[in-house]
Amino acid sequence: MTITRQDVEQIAALAKLRLAPKDIDSVRDSLNQVLSLVDRIQTADVAAVVPMRHPRDATQSLRADRVSESSRKAELMALAPATDGDYYLVPKVVDTE
Amino acid sequence: MTASGKQQWEAVIGLEIHVQLKTDSKLFSGSATAYGAEPNSQVSWLDAALPGTLPVVNEQAIRYAVRFGLAVDARINRETVFARKNYFYPDLPKGYQISQMDRPIVEGGHIMISLPDGSQKRIGLTRAHLEEDAGKSIHDIYPQYSAIDLNRAGTPLIEVVSEPDMRSAAEAVAYMRQVYTLVTHLGICDGNLQEGSFRCDANVSVRPAGSQTLGTRTELKNINSFRFVERAIKHEIARQIRVLEAGGRIVQETRLYDADKDETRAMRSKEAANDYRYFPDPDLLPVHVSAALIDAEKAQLPELPQEKINRYTQSWGLKSAEARILAEDAAASAVFESCVAAMQHPQPVLAARWLLGEVSALLNRDGLDWPALPVAPVRLAGLLDAVASDTISHKTGKTVLEKMWDHADVTAAEIIEREGLAQMSDSQALAELVDKVLADNPKQVADYRSGNDKLFNFFVGQVMKATRGTAHPAELKTLLEDKLNT
């Protein structure tokens with residue numbers, strides 16, 4: 001499978017990334033290199049292999065329903081690029097009509 | 001089926017309902033889930049997606065999902081797997097939502113709904129899977145920015161996905177109500193619609209009546225009231241029929257219902273929509289749901305609304321409409337049952353009529369719900385006993401109820417005693433009063449005897465006034481008839 005310039009533009013739009021037109025070709029080439037590796041993996045014969053749900057042969061341990069965390073608001077807010085009062089601020093991302 | 005012009009159309013509807021689970025802590029972290037807290041104050045390192053944090057599953061959420069599965073007669077997957085659903089939105093800090101794809105915890109099952117003609121219809125369930133809620137984006141505080149509150153991020157949900165088994169907006173609402181009744185009865189959801197504890201997306205398509213192939217569907221997002229679901233679906237069905245009859249084509253897309261304008265509007269088309277790239281979450285091992293856990297939930301399963309309705313009608317003699325209203329409201333049925341249990345001579349039919357009649361009327365008047373009922377069931381039982389034993393009339397009962405409503409801790413018996421409201425048991429005294437009323441109103445007596453039947457109620461009123469409503473109505477009627485017609 002190879003991806004095209006159009007695929008790159010679509011993926012960039014979904015990820016809300018702005019790509020300079022001059023960079024699109026090089027991004028496409030890098031992604032295609034990754035995909036060629038995947039293509040090679042795809043050629044392996046796995047007909048006799050039972051799908052694995054997780055590499056560790058174990059089951060998830062569960063925790064009791066108890067509030068054990070206190071607010072990390074001050075520390076987390078200090079990490080954010082933009083805040084106001086109680087809120088984190090991000091550029092407007094409303095679904096376009 | 002909807003008729004429009006010559007062509008008959010049939011709507012096909014499936015619902016996805018997000019049920020917020022009533023846990024104290026989040027699905028994968030120990031942060032609190034309480035609604036209405038100061039923004040961003042219930043956010044742990046994990047909820048904010050800081051690198052190096054790892055999710056740990058809340059056992060109570062697993063239990064609640066299992067309880068739901070048992071109640072709808074579904075299959076519980078003993079090994080259930082969490083998956084990442086990838087999409088980019090700022091109220092989802094990780095860049096993916098932990099949800100389930102293959103091996104959801106609950107598969108299959110069904111819900112029965114009642115149709116207007118009284119018959120029952122089976123609505124199949126595809127699955128119910130566990131997932132975490134996202135945070136909230138608030139778009140209208142700042143002109144340049146969206147404000148983010150992550151308190152809700154990580155709150156556990158089950159998403160209940162139905163088969164496309166509904167054929168009208170009314171059926172969709174009946175189904176939604178039934179799921180609501182069930183999850184509130186099971187105690188797995190607080191049912192608060194305003195706070196978003198129960199939200200619904202609807203998939204709607206139309207096709208020519210009799211056709212077996214499905215039309216292109218649209219998805220109506222995030223509708224959180226029963227009334228809006230019905231209106232939004234009705235509008236969408238009508239819109240699709242209009243487009244098709246005009247020779248147009250339905251585009252698969254997500255539409256938002258605008259309650260103010262009462263219309264649906266395209267939000268984003270699926271062509272531009274996300275490819276979620278689901279894959280098993282490597283941070284979470286498969287969850288083994290033990291037989292012990294399932295058995296424990298089975299043992300605790302409360303009586304389901306339909307079972308309750310059957311008991312109310314079959315053992316207690318309620319009409320099915322009365323039984324349904326009481327049984328489907330967990331708080332109302334609790335009041336009803338406590339009331340019946342507390343009566344000296346339990347009369348469920350009388351209790352039901354009072355609760356649905358006088359008591360409901362006062363609740364409505366004061367804008368209260370059943371949990372805020374000012375008169376405890378045991379006090380109501382005292383009032384009902386007084387009515388049942390004919391100590392007071394129905395009408396006096398209403399007066400007593402109103403007094404009890406405003407005065408906590410006063411019993412019906414005390415009010416009746418203090419205000420002398422007990423019906424006159426002294427027939428002699430009543431007969432004398434009737435004679436006095438007739439003697440005081442000779443003109444009305446003459447008019448009545450010359451054919452003005454309506455005056456009968458005038459005499460009843462006069463005696464009731466003189467006895468302050470304590471005359472026994474049937475006894476009074478007999479007495480008056482005797483004296484006036486001889």
# chains A, B, ... in the order shown; residues from 1 in each chain; ligands from 1
>>> residues_around(residues="A:Thr2", least_positions_apart="2", cutoff="12 Å", atoms="only C-alpha atoms", output="PyMOL selection string")
chain A and resi 4-8+28-39
>>> interface_residues(of="chain A", to="chain B", cutoff="6 Å", atoms="only C-alpha atoms", output="PyMOL selection string")
chain A and resi 15+59-60+62-69+71-73+86-92+97
>>> residues_around(residues="stretch 466-472 of chain B", least_positions_apart="3", cutoff="9 Å", atoms="only C-alpha atoms", output="list in words")
Asp390, Thr391, Ile392, Ser393, Lys395, Thr396, Gly420, Leu421, Ala422, Gln423, Met424, Ser425, Leu430, Leu433, Val437, Gly461, Gln462, Val463, Glu475, Leu476 and Lys477 of chain B
>>> residues_around(residues="B:Ala342", least_positions_apart="6", cutoff="9 Å", atoms="only C-alpha atoms", output="number ranges by chain")
B: 377-382
>>> write_last_selection(atoms="N, CA and C atoms", output="PDB file, in the first residue's frame")
ATOM      1  N   PRO B 377     -43.794   8.018  53.568  1.00  0.00           N
ATOM      2  CA  PRO B 377     -44.768   6.968  53.241  1.00  0.00           C
ATOM      3  C   PRO B 377     -45.546   6.468  54.462  1.00  0.00           C
ATOM      4  N   VAL B 378     -44.894   6.402  55.614  1.00  0.00           N
ATOM      5  CA  VAL B 378     -45.582   5.867  56.783  1.00  0.00           C
ATOM      6  C   VAL B 378     -46.706   6.818  57.223  1.00  0.00           C
ATOM      7  N   ARG B 379     -46.491   8.146  57.039  1.00  0.00           N
ATOM      8  CA  ARG B 379     -47.549   9.110  57.358  1.00  0.00           C
ATOM      9  C   ARG B 379     -48.663   9.036  56.320  1.00  0.00           C
ATOM     10  N   LEU B 380     -48.284   8.843  55.060  1.00  0.00           N
ATOM     11  CA  LEU B 380     -49.311   8.675  54.020  1.00  0.00           C
ATOM     12  C   LEU B 380     -50.169   7.458  54.325  1.00  0.00           C
ATOM     13  N   ALA B 381     -49.512   6.402  54.808  1.00  0.00           N
ATOM     14  CA  ALA B 381     -50.241   5.168  55.107  1.00  0.00           C
ATOM     15  C   ALA B 381     -51.320   5.438  56.155  1.00  0.00           C
ATOM     16  N   GLY B 382     -50.990   6.284  57.143  1.00  0.00           N
ATOM     17  CA  GLY B 382     -51.965   6.632  58.172  1.00  0.00           C
ATOM     18  C   GLY B 382     -53.176   7.318  57.568  1.00  0.00           C
TER      19      GLY B 382
END
>>> atom_distance(atom1="atom CA of B:Ser320", atom2="atom CA of B:Thr184")
20.9 Å
>>> select_by_dssp(residues="stretch 4-88 of chain A", states="helix (DSSP H, G or I)", output="PyMOL selection string")
chain A and resi 5-14+21-42+73-79
>>> residues_around(residues="B:Tyr448", least_positions_apart="3", cutoff="12 Å", atoms="only C-alpha atoms", output="ChimeraX atom specification")
/B:438,441-445,451-459,480-481,483-485
>>> write_last_selection(atoms="N, CA, C and O atoms", output="tab-separated table (two decimals), in the first residue's frame")
chain	number	residue	atom	x	y	z
B	438	LEU	N	-83.36	21.75	56.34
B	438	LEU	CA	-84.60	21.81	55.54
B	438	LEU	C	-85.53	22.88	56.11
B	438	LEU	O	-86.15	23.65	55.37
B	441	ASN	N	-84.57	26.42	55.14
B	441	ASN	CA	-84.63	26.78	53.73
B	441	ASN	C	-85.95	26.35	53.07
B	441	ASN	O	-85.95	25.57	52.11
B	442	PRO	N	-87.07	26.86	53.58
B	442	PRO	CA	-88.37	26.38	53.09
B	442	PRO	C	-88.56	26.63	51.59
B	442	PRO	O	-89.14	25.81	50.88
B	443	LYS	N	-88.05	27.77	51.10
B	443	LYS	CA	-88.25	28.10	49.69
B	443	LYS	C	-87.59	27.06	48.78
B	443	LYS	O	-88.18	26.55	47.83
B	444	GLN	N	-86.32	26.73	49.10
B	444	GLN	CA	-85.59	25.75	48.29
B	444	GLN	C	-86.27	24.38	48.35
B	444	GLN	O	-86.31	23.66	47.35
B	445	VAL	N	-86.80	24.05	49.54
B	445	VAL	CA	-87.48	22.76	49.67
B	445	VAL	C	-88.70	22.72	48.74
B	445	VAL	O	-88.90	21.74	48.00
B	451	GLY	N	-89.89	20.15	41.33
B	451	GLY	CA	-89.18	19.63	40.15
B	451	GLY	C	-87.77	20.15	39.92
B	451	GLY	O	-87.11	19.70	38.98
B	452	ASN	N	-87.27	21.11	40.71
B	452	ASN	CA	-85.91	21.61	40.49
B	452	ASN	C	-84.89	20.67	41.16
B	452	ASN	O	-84.39	20.94	42.24
B	453	ASP	N	-84.54	19.56	40.43
B	453	ASP	CA	-83.68	18.52	40.99
B	453	ASP	C	-82.30	19.01	41.38
B	453	ASP	O	-81.64	18.47	42.26
B	454	LYS	N	-81.87	20.06	40.67
B	454	LYS	CA	-80.51	20.54	40.90
B	454	LYS	C	-80.30	20.99	42.34
B	454	LYS	O	-79.18	21.00	42.84
B	455	LEU	N	-81.39	21.37	43.01
B	455	LEU	CA	-81.26	21.89	44.37
B	455	LEU	C	-80.80	20.83	45.36
B	455	LEU	O	-80.39	21.15	46.47
B	456	PHE	N	-80.84	19.57	44.94
B	456	PHE	CA	-80.40	18.51	45.85
B	456	PHE	C	-78.98	18.78	46.36
B	456	PHE	O	-78.69	18.66	47.54
B	457	ASN	N	-78.11	19.20	45.40
B	457	ASN	CA	-76.72	19.46	45.78
B	457	ASN	C	-76.59	20.66	46.71
B	457	ASN	O	-75.66	20.73	47.50
B	458	PHE	N	-77.56	21.58	46.61
B	458	PHE	CA	-77.57	22.72	47.54
B	458	PHE	C	-77.74	22.22	48.98
B	458	PHE	O	-77.01	22.63	49.89
B	459	PHE	N	-78.66	21.28	49.18
B	459	PHE	CA	-78.88	20.75	50.53
B	459	PHE	C	-77.66	19.98	51.03
B	459	PHE	O	-77.25	20.11	52.18
B	480	LEU	N	-81.27	12.61	52.99
B	480	LEU	CA	-81.88	13.73	52.27
B	480	LEU	C	-82.98	13.24	51.33
B	480	LEU	O	-84.06	13.82	51.26
B	481	GLU	N	-82.68	12.17	50.61
B	481	GLU	CA	-83.67	11.63	49.67
B	481	GLU	C	-84.95	11.24	50.43
B	481	GLU	O	-86.06	11.57	50.02
B	483	LYS	N	-86.04	12.34	53.31
B	483	LYS	CA	-86.80	13.46	53.88
B	483	LYS	C	-87.42	14.36	52.81
B	483	LYS	O	-88.50	14.90	52.99
B	484	LEU	N	-86.72	14.52	51.68
B	484	LEU	CA	-87.24	15.42	50.66
B	484	LEU	C	-88.35	14.79	49.82
B	484	LEU	O	-89.23	15.47	49.32
B	485	ASN	N	-88.30	13.48	49.68
B	485	ASN	CA	-89.26	12.83	48.79
B	485	ASN	C	-90.48	12.29	49.51
B	485	ASN	O	-91.26	11.54	48.93
>>> residues_around(residues="B:Tyr64", least_positions_apart="6", cutoff="10 Å", atoms="only C-alpha atoms", output="PyMOL selection string")
chain B and resi 21-23+70+130+157-158+183+186-189+297
>>> select_by_dssp(residues="stretch 5-212 of chain B", states="strand (DSSP E)", output="mmCIF file with N, CA and C atoms, in the first residue's frame")
data_model
loop_
_atom_site.group_PDB
_atom_site.id
_atom_site.type_symbol
_atom_site.label_atom_id
_atom_site.label_comp_id
_atom_site.auth_asym_id
_atom_site.auth_seq_id
_atom_site.Cartn_x
_atom_site.Cartn_y
_atom_site.Cartn_z
ATOM 1 N N GLN B 8 -45.290 5.249 0.067
ATOM 2 C CA GLN B 8 -45.270 4.997 1.506
ATOM 3 C C GLN B 8 -43.824 4.781 1.916
ATOM 4 N N TRP B 9 -43.431 5.416 3.019
ATOM 5 C CA TRP B 9 -42.052 5.279 3.484
ATOM 6 C C TRP B 9 -42.029 4.610 4.850
ATOM 7 N N GLU B 10 -40.955 3.898 5.091
ATOM 8 C CA GLU B 10 -40.766 3.290 6.404
ATOM 9 C C GLU B 10 -39.443 3.803 6.983
ATOM 10 N N ALA B 11 -39.496 4.234 8.246
ATOM 11 C CA ALA B 11 -38.272 4.700 8.901
ATOM 12 C C ALA B 11 -37.592 3.533 9.601
ATOM 13 N N VAL B 12 -36.276 3.569 9.634
ATOM 14 C CA VAL B 12 -35.495 2.551 10.341
ATOM 15 C C VAL B 12 -34.569 3.280 11.307
ATOM 16 N N ILE B 13 -34.707 2.961 12.596
ATOM 17 C CA ILE B 13 -33.988 3.728 13.615
ATOM 18 C C ILE B 13 -33.242 2.797 14.567
ATOM 19 N N GLY B 14 -32.016 3.146 14.835
ATOM 20 C CA GLY B 14 -31.241 2.461 15.884
ATOM 21 C C GLY B 14 -30.678 3.520 16.813
ATOM 22 N N LEU B 15 -30.561 3.192 18.101
ATOM 23 C CA LEU B 15 -30.057 4.189 19.051
ATOM 24 C C LEU B 15 -28.756 3.714 19.700
ATOM 25 N N GLU B 16 -27.900 4.679 19.960
ATOM 26 C CA GLU B 16 -26.717 4.441 20.793
ATOM 27 C C GLU B 16 -26.898 5.302 22.027
ATOM 28 N N ILE B 17 -27.004 4.651 23.173
ATOM 29 C CA ILE B 17 -27.247 5.417 24.397
ATOM 30 C C ILE B 17 -26.009 5.346 25.293
ATOM 31 N N HIS B 18 -25.545 6.529 25.694
ATOM 32 C CA HIS B 18 -24.412 6.595 26.622
ATOM 33 C C HIS B 18 -24.951 6.709 28.037
ATOM 34 N N VAL B 19 -24.647 5.712 28.839
ATOM 35 C CA VAL B 19 -25.130 5.683 30.220
ATOM 36 C C VAL B 19 -23.934 5.912 31.140
ATOM 37 N N GLN B 20 -23.927 7.050 31.841
ATOM 38 C CA GLN B 20 -22.835 7.304 32.787
ATOM 39 C C GLN B 20 -23.030 6.427 34.010
ATOM 40 N N VAL B 57 -8.255 -0.643 35.927
ATOM 41 C CA VAL B 57 -9.701 -0.708 35.734
ATOM 42 C C VAL B 57 -10.462 -0.701 37.067
ATOM 43 N N ASN B 58 -11.503 0.084 37.121
ATOM 44 C CA ASN B 58 -12.396 0.175 38.276
ATOM 45 C C ASN B 58 -13.336 -1.041 38.284
ATOM 46 N N ARG B 75 -25.337 -11.825 26.591
ATOM 47 C CA ARG B 75 -24.170 -12.664 26.871
ATOM 48 C C ARG B 75 -23.096 -11.783 27.506
ATOM 49 N N ILE B 76 -22.515 -12.258 28.606
ATOM 50 C CA ILE B 76 -21.402 -11.545 29.233
ATOM 51 C C ILE B 76 -20.115 -12.189 28.721
ATOM 52 N N GLU B 79 -14.019 -12.888 28.881
ATOM 53 C CA GLU B 79 -12.766 -12.188 28.658
ATOM 54 C C GLU B 79 -13.082 -10.979 27.794
ATOM 55 N N THR B 80 -12.861 -9.798 28.321
ATOM 56 C CA THR B 80 -13.256 -8.597 27.607
ATOM 57 C C THR B 80 -12.026 -7.697 27.443
ATOM 58 N N ALA B 83 -9.931 -1.249 23.923
ATOM 59 C CA ALA B 83 -9.258 -0.819 22.696
ATOM 60 C C ALA B 83 -9.136 0.700 22.684
ATOM 61 N N ARG B 84 -8.206 1.181 21.904
ATOM 62 C CA ARG B 84 -8.068 2.622 21.739
ATOM 63 C C ARG B 84 -8.842 3.075 20.513
ATOM 64 N N LYS B 85 -9.622 4.107 20.698
ATOM 65 C CA LYS B 85 -10.344 4.724 19.582
ATOM 66 C C LYS B 85 -9.672 6.082 19.371
ATOM 67 N N ASN B 86 -8.981 6.215 18.259
ATOM 68 C CA ASN B 86 -8.127 7.380 18.069
ATOM 69 C C ASN B 86 -8.856 8.527 17.381
ATOM 70 N N TYR B 96 -6.707 9.557 22.272
ATOM 71 C CA TYR B 96 -7.561 8.390 22.021
ATOM 72 C C TYR B 96 -8.455 8.184 23.217
ATOM 73 N N GLN B 97 -9.590 7.572 22.948
ATOM 74 C CA GLN B 97 -10.531 7.234 24.010
ATOM 75 C C GLN B 97 -10.388 5.742 24.268
ATOM 76 N N ILE B 98 -10.308 5.341 25.530
ATOM 77 C CA ILE B 98 -10.279 3.901 25.796
ATOM 78 C C ILE B 98 -11.723 3.404 25.772
ATOM 79 N N SER B 99 -11.963 2.493 24.825
ATOM 80 C CA SER B 99 -13.311 1.987 24.585
ATOM 81 C C SER B 99 -13.175 0.480 24.348
ATOM 82 N N VAL B 106 -20.573 -6.781 27.059
ATOM 83 C CA VAL B 106 -21.946 -7.297 26.912
ATOM 84 C C VAL B 106 -22.294 -7.403 25.427
ATOM 85 N N GLU B 107 -22.781 -8.570 24.997
ATOM 86 C CA GLU B 107 -23.224 -8.716 23.614
ATOM 87 C C GLU B 107 -24.629 -9.306 23.566
ATOM 88 N N HIS B 110 -31.930 -7.979 24.816
ATOM 89 C CA HIS B 110 -33.053 -7.244 24.236
ATOM 90 C C HIS B 110 -33.805 -6.468 25.303
ATOM 91 N N ILE B 111 -34.611 -5.526 24.824
ATOM 92 C CA ILE B 111 -35.458 -4.681 25.676
ATOM 93 C C ILE B 111 -36.868 -4.781 25.104
ATOM 94 N N MET B 112 -37.877 -4.927 25.974
ATOM 95 C CA MET B 112 -39.264 -4.934 25.489
ATOM 96 C C MET B 112 -39.855 -3.536 25.646
ATOM 97 N N ILE B 113 -40.507 -3.055 24.604
ATOM 98 C CA ILE B 113 -41.202 -1.766 24.723
ATOM 99 C C ILE B 113 -42.699 -1.973 24.513
ATOM 100 N N SER B 114 -43.496 -1.052 25.076
ATOM 101 C CA SER B 114 -44.943 -1.123 24.890
ATOM 102 C C SER B 114 -45.340 -0.168 23.782
ATOM 103 N N GLN B 120 -46.548 -5.502 22.883
ATOM 104 C CA GLN B 120 -45.144 -5.366 23.224
ATOM 105 C C GLN B 120 -44.295 -5.611 21.987
ATOM 106 N N LYS B 121 -43.167 -4.888 21.912
ATOM 107 C CA LYS B 121 -42.255 -5.120 20.801
ATOM 108 C C LYS B 121 -40.862 -5.343 21.351
ATOM 109 N N ARG B 122 -40.164 -6.289 20.742
ATOM 110 C CA ARG B 122 -38.830 -6.639 21.198
ATOM 111 C C ARG B 122 -37.820 -5.819 20.410
ATOM 112 N N ILE B 123 -36.963 -5.090 21.109
ATOM 113 C CA ILE B 123 -35.893 -4.341 20.458
ATOM 114 C C ILE B 123 -34.573 -5.038 20.797
ATOM 115 N N GLY B 124 -33.894 -5.508 19.774
ATOM 116 C CA GLY B 124 -32.649 -6.231 20.001
ATOM 117 C C GLY B 124 -31.506 -5.288 20.349
ATOM 118 N N LEU B 125 -30.580 -5.784 21.171
ATOM 119 C CA LEU B 125 -29.375 -5.017 21.468
ATOM 120 C C LEU B 125 -28.201 -5.674 20.743
ATOM 121 N N THR B 126 -27.346 -4.863 20.163
ATOM 122 C CA THR B 126 -26.161 -5.393 19.515
ATOM 123 C C THR B 126 -25.115 -5.682 20.581
ATOM 124 N N ARG B 127 -24.901 -4.677 21.440
ATOM 125 C CA ARG B 127 -23.844 -4.780 22.426
ATOM 126 C C ARG B 127 -23.955 -3.658 23.434
ATOM 127 N N ALA B 128 -23.236 -3.780 24.524
ATOM 128 C CA ALA B 128 -23.035 -2.667 25.440
ATOM 129 C C ALA B 128 -21.576 -2.730 25.833
ATOM 130 N N HIS B 129 -20.833 -1.680 25.516
ATOM 131 C CA HIS B 129 -19.413 -1.728 25.854
ATOM 132 C C HIS B 129 -19.040 -0.634 26.834
ATOM 133 N N LEU B 130 -17.951 -0.882 27.547
ATOM 134 C CA LEU B 130 -17.445 0.089 28.522
ATOM 135 C C LEU B 130 -16.538 1.083 27.809
ATOM 136 N N GLU B 131 -16.623 2.320 28.203
ATOM 137 C CA GLU B 131 -15.657 3.295 27.700
ATOM 138 C C GLU B 131 -15.580 4.473 28.651
ATOM 139 N N GLU B 132 -14.565 5.312 28.428
ATOM 140 C CA GLU B 132 -14.414 6.488 29.274
ATOM 141 C C GLU B 132 -15.040 7.689 28.571
ATOM 142 N N LYS B 136 -15.022 18.298 28.776
ATOM 143 C CA LYS B 136 -15.982 19.204 28.143
ATOM 144 C C LYS B 136 -15.261 20.358 27.480
ATOM 145 N N SER B 137 -15.695 20.683 26.254
ATOM 146 C CA SER B 137 -15.191 21.876 25.580
ATOM 147 C C SER B 137 -16.271 22.930 25.667
ATOM 148 N N ILE B 138 -15.900 24.115 26.065
ATOM 149 C CA ILE B 138 -16.893 25.186 26.154
ATOM 150 C C ILE B 138 -16.491 26.257 25.139
ATOM 151 N N TYR B 145 -10.887 31.395 21.858
ATOM 152 C CA TYR B 145 -10.452 30.103 22.389
ATOM 153 C C TYR B 145 -11.640 29.209 22.731
ATOM 154 N N SER B 146 -11.355 27.924 22.796
ATOM 155 C CA SER B 146 -12.279 26.998 23.466
ATOM 156 C C SER B 146 -11.715 26.740 24.860
ATOM 157 N N ALA B 147 -12.600 26.720 25.854
ATOM 158 C CA ALA B 147 -12.169 26.458 27.228
ATOM 159 C C ALA B 147 -12.375 24.978 27.513
ATOM 160 N N ILE B 148 -11.429 24.371 28.218
ATOM 161 C CA ILE B 148 -11.484 22.926 28.449
ATOM 162 C C ILE B 148 -11.596 22.625 29.951
ATOM 163 N N ASP B 149 -12.567 21.783 30.282
ATOM 164 C CA ASP B 149 -12.724 21.290 31.655
ATOM 165 C C ASP B 149 -12.604 19.767 31.582
ATOM 166 N N PRO B 156 -16.732 6.689 33.830
ATOM 167 C CA PRO B 156 -17.140 5.468 33.123
ATOM 168 C C PRO B 156 -18.528 5.566 32.484
ATOM 169 N N LEU B 157 -18.613 4.995 31.294
ATOM 170 C CA LEU B 157 -19.887 4.924 30.563
ATOM 171 C C LEU B 157 -20.093 3.490 30.097
ATOM 172 N N ILE B 158 -21.347 3.094 29.921
ATOM 173 C CA ILE B 158 -21.582 2.004 28.981
ATOM 174 C C ILE B 158 -22.327 2.600 27.800
ATOM 175 N N GLU B 159 -21.911 2.210 26.600
ATOM 176 C CA GLU B 159 -22.637 2.626 25.412
ATOM 177 C C GLU B 159 -23.503 1.452 24.992
ATOM 178 N N VAL B 160 -24.799 1.663 25.032
ATOM 179 C CA VAL B 160 -25.761 0.614 24.716
ATOM 180 C C VAL B 160 -26.196 0.793 23.267
ATOM 181 N N VAL B 161 -25.837 -0.159 22.417
ATOM 182 C CA VAL B 161 -26.101 -0.037 20.982
ATOM 183 C C VAL B 161 -27.257 -0.959 20.609
ATOM 184 N N SER B 162 -28.310 -0.384 20.054
ATOM 185 C CA SER B 162 -29.467 -1.217 19.676
ATOM 186 C C SER B 162 -29.336 -1.681 18.236
ATOM 187 N N PHE B 198 -27.209 10.602 30.859
ATOM 188 C CA PHE B 198 -27.904 9.673 29.969
ATOM 189 C C PHE B 198 -28.084 10.397 28.634
ATOM 190 N N ARG B 199 -27.295 10.020 27.623
ATOM 191 C CA ARG B 199 -27.294 10.760 26.369
ATOM 192 C C ARG B 199 -27.514 9.799 25.208
ATOM 193 N N CYS B 200 -28.060 10.320 24.148
ATOM 194 C CA CYS B 200 -28.488 9.431 23.081
ATOM 195 C C CYS B 200 -28.074 9.954 21.710
ATOM 196 N N ASP B 201 -27.556 9.044 20.870
ATOM 197 C CA ASP B 201 -27.354 9.342 19.447
ATOM 198 C C ASP B 201 -28.322 8.447 18.685
ATOM 199 N N ALA B 202 -28.906 8.979 17.603
ATOM 200 C CA ALA B 202 -29.871 8.177 16.842
ATOM 201 C C ALA B 202 -29.390 8.012 15.409
ATOM 202 N N ASN B 203 -29.446 6.784 14.904
ATOM 203 C CA ASN B 203 -29.167 6.527 13.489
ATOM 204 C C ASN B 203 -30.501 6.372 12.777
ATOM 205 N N VAL B 204 -30.717 7.216 11.772
ATOM 206 C CA VAL B 204 -32.027 7.266 11.124
ATOM 207 C C VAL B 204 -31.879 7.096 9.615
ATOM 208 N N SER B 205 -32.702 6.217 9.035
ATOM 209 C CA SER B 205 -32.787 6.145 7.575
ATOM 210 C C SER B 205 -34.239 5.884 7.194
ATOM 211 N N VAL B 206 -34.568 6.101 5.948
ATOM 212 C CA VAL B 206 -35.909 5.749 5.468
ATOM 213 C C VAL B 206 -35.765 4.883 4.224
ATOM 214 N N ARG B 207 -36.810 4.104 3.941
ATOM 215 C CA ARG B 207 -36.815 3.267 2.745
ATOM 216 C C ARG B 207 -38.258 3.105 2.303
ATOM 217 N N PRO B 208 -38.454 2.777 1.016
ATOM 218 C CA PRO B 208 -39.837 2.556 0.573
ATOM 219 C C PRO B 208 -40.451 1.414 1.388
#
>>> atom_distance(atom1="atom CA of B:Val410", atom2="atom CA of B:Lys398")
15.0 Å
>>> atom_distance(atom1="atom CA of B:Gly357", atom2="atom CA of B:Glu322")
10.4 Å
